[in-house]
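**Student:** Starting off with a structure, shown below.
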Amino acid sequence: MNLIFAKLYEEYVRKNDPAKFNITLYISIVYFFLIFALLLPVKTFIDNKIFDDQTDYEKSTILTVVFGLLTLITSLVYYIYIKKNYIERLTKRYKTKKINKTILYIIVALTPVTLLLLGATTTVYLNGGEILGHKIQGLLE
């Protein structure tokens, strides 16, 4: 992924976009969806097995957790990639590597979507549920 981040940063710099801001947001979104793909099956499993699906969450609680997590991820990404100049070192490291711009844009667009769908699909396959009208018996049931 670091290669993709470095090449995307180069593209932002080449186009005179606000590169540091844009790359911080993109990396934050990728990491957020990655954490989502990992935590959603765990949360669903804990709700089903430990709390017997008796937990009711308020919308404000879920929104607070989501925005708090997103803020934490964005702050960490900004600190590590921008303040510590890690993105600059990645750009120098991968300067000799070439990637087709079309392929880069496809990867950039599909990575968050794929991670989001992966989290939901993994949750259903592990904990049971329904996908496109097909009832699926979960592996952990």
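All residue names refer to the structure tokens as shown: chains lettered A, B, ... in order, residues numbered from 1 in each chain, ligands numbered from 1 in order.
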Write out, as JSON lines, each residue of range 25-139 of chain A that has an atom at most 10 Å from range 10-19 of chain A, together with the closest pair of atoms and their distance in Å to one decimal, counting only C-alpha atoms, rows going by chain and rising number.
**Tutor:**
{"residue": "A:Leu25", "atom": "CA", "partner": "A:Ala19", "partner_atom": "CA", "distance": 9.9}
{"residue": "A:Ile87", "atom": "CA", "partner": "A:Glu10", "partner_atom": "CA", "distance": 9.8}
{"residue": "A:Glu88", "atom": "CA", "partner": "A:Glu10", "partner_atom": "CA", "distance": 9.5}
{"residue": "A:Thr91", "atom": "CA", "partner": "A:Glu10", "partner_atom": "CA", "distance": 7.1}
{"residue": "A:Lys95", "atom": "CA", "partner": "A:Glu10", "partner_atom": "CA", "distance": 9.1}
{"residue": "A:Lys101", "atom": "CA", "partner": "A:Glu11", "partner_atom": "CA", "distance": 8.8}
{"residue": "A:Leu104", "atom": "CA", "partner": "A:Glu11", "partner_atom": "CA", "distance": 9.7}
**Student:** Can those selected residues be exported to a file as a PDB file, in the first residue's frame so that it contains N, CA, C and O atoms?
**Tutor:**
ATOM      1  N   LEU A  25      -6.155  12.518   4.004  1.00  0.00           N
ATOM      2  CA  LEU A  25      -7.544  12.054   3.986  1.00  0.00           C
ATOM      3  C   LEU A  25      -7.671  10.671   3.344  1.00  0.00           C
ATOM      4  O   LEU A  25      -8.405   9.816   3.848  1.00  0.00           O
ATOM      5  N   ILE A  87       5.880  10.238   4.211  1.00  0.00           N
ATOM      6  CA  ILE A  87       5.408  10.203   2.825  1.00  0.00           C
ATOM      7  C   ILE A  87       6.500  10.685   1.876  1.00  0.00           C
ATOM      8  O   ILE A  87       6.626  10.177   0.756  1.00  0.00           O
ATOM      9  N   GLU A  88       7.314  11.615   2.310  1.00  0.00           N
ATOM     10  CA  GLU A  88       8.442  12.077   1.493  1.00  0.00           C
ATOM     11  C   GLU A  88       9.480  10.966   1.321  1.00  0.00           C
ATOM     12  O   GLU A  88      10.018  10.771   0.228  1.00  0.00           O
ATOM     13  N   THR A  91       8.100   8.476  -1.100  1.00  0.00           N
ATOM     14  CA  THR A  91       8.195   8.994  -2.459  1.00  0.00           C
ATOM     15  C   THR A  91       9.602   8.823  -3.011  1.00  0.00           C
ATOM     16  O   THR A  91       9.779   8.411  -4.167  1.00  0.00           O
ATOM     17  N   LYS A  95      10.664   6.212  -6.128  1.00  0.00           N
ATOM     18  CA  LYS A  95      10.819   7.122  -7.274  1.00  0.00           C
ATOM     19  C   LYS A  95      11.098   6.361  -8.570  1.00  0.00           C
ATOM     20  O   LYS A  95      10.606   6.732  -9.625  1.00  0.00           O
ATOM     21  N   LYS A 101      -1.017   5.277 -14.727  1.00  0.00           N
ATOM     22  CA  LYS A 101      -1.945   6.174 -14.034  1.00  0.00           C
ATOM     23  C   LYS A 101      -3.359   5.608 -13.986  1.00  0.00           C
ATOM     24  O   LYS A 101      -4.059   5.774 -12.991  1.00  0.00           O
ATOM     25  N   LEU A 104      -3.345   3.042 -11.306  1.00  0.00           N
ATOM     26  CA  LEU A 104      -3.269   3.724 -10.011  1.00  0.00           C
ATOM     27  C   LEU A 104      -4.640   4.251  -9.602  1.00  0.00           C
ATOM     28  O   LEU A 104      -5.072   4.040  -8.463  1.00  0.00           O
TER      29      LEU A 104
END
**Student:** Just want the 8 Å neighbourhood of range 64-80 of chain A, counted on only C-alpha atoms, with same-chain residues fewer than 3 positions away dropped. Output as a JSON list (two decimals) with C-alpha atoms, in the first residue's frame.
**Tutor:**
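Written file, around_39.json:
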[["chain", "number", "residue", "atom", "x", "y", "z"],
["A", 24, "THR", "CA", -3.84, 12.42, 4.68],
["A", 25, "LEU", "CA", -7.54, 12.05, 3.99],
["A", 27, "ILE", "CA", -4.77, 7.20, 3.89],
["A", 28, "SER", "CA", -7.14, 7.86, 6.80],
["A", 31, "TYR", "CA", -7.12, 2.70, 7.41],
["A", 32, "PHE", "CA", -10.63, 3.44, 8.70],
["A", 60, "SER", "CA", -25.43, 9.13, 19.16],
["A", 61, "THR", "CA", -23.19, 6.51, 20.79],
["A", 83, "LYS", "CA", 4.84, 15.61, 10.36],
["A", 84, "LYS", "CA", 7.48, 12.87, 10.42],
["A", 85, "ASN", "CA", 7.92, 13.20, 6.60],
["A", 86, "TYR", "CA", 7.30, 9.50, 6.06]]
**Student:** Calculated over only C-alpha atoms, which of the candidates A:Tyr26, A:Phe21, A:Phe5, A:Phe33 has the smallest distance to Gly119 in chain A?
**Tutor:**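 Between A:Tyr26, A:Phe21, A:Phe5, A:Phe33, the residue approaching Gly119 in chain A most closely is A:Phe33.
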**Student:** For Ile82 in chain A, which residue out of A:Met1, A:Ala6, A:Ile136, A:Ala37 is the nearest one, using only C-alpha atoms?
**Tutor:**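 Ranked by minimum distance to Ile82 in chain A, first place goes to A:Ala6.
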**Student:** Nearest to Tyr94 in chain A among A:Leu132, A:Phe45, A:Ile4, A:Leu110, with distances taken over only C-alpha atoms: which residue is it?
**Tutor:**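 Under the stated criterion, the closest residue is A:Ile4.
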**Student:** Please identify the strand (DSSP E) residues within chain A (assignment by DSSP from backbone atoms) and present them as a PyMOL selection string.
**Tutor:** chain A and resi 129-131+134-136
**Student:** Could you pull out the helix (DSSP H, G or I) residues of range 1-102 of chain A, going by DSSP on the backbone, and write them as an MDAnalysis selection string?
**Tutor:** chainID A and resid 2:14 19:49 59:83 86:93 101:102
**Student:** Kindly give the distance, in Å, that separates CA of Val30 in chain A and CA of Pro112 in chain A, rounded to a single decimal.
**Tutor:**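 A separation of 5.5 Å between them.
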**Student:** What's the separation between CA of Tyr81 in chain A and CA of Leu115 in chain A, in Å to one decimal place?
**Tutor:**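 Spanning CA of Tyr81 in chain A to CA of Leu115 in chain A is a straight-line distance of 21.2 Å.
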**Student:** Just checking: using only C-alpha atoms, which residue out of A:Arg89, A:Thr111, A:Glu130, A:Thr121 ends up closest to Leu34 in chain A?
**Tutor:**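 Smallest distance to Leu34 in chain A is found for A:Thr111.
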**Student:** Mind giving me the straight-line distance from CA of Val42 in chain A to CA of Leu63 in chain A in Å, one decimal?
**Tutor:**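 Spanning CA of Val42 in chain A to CA of Leu63 in chain A is a straight-line distance of 18.4 Å.
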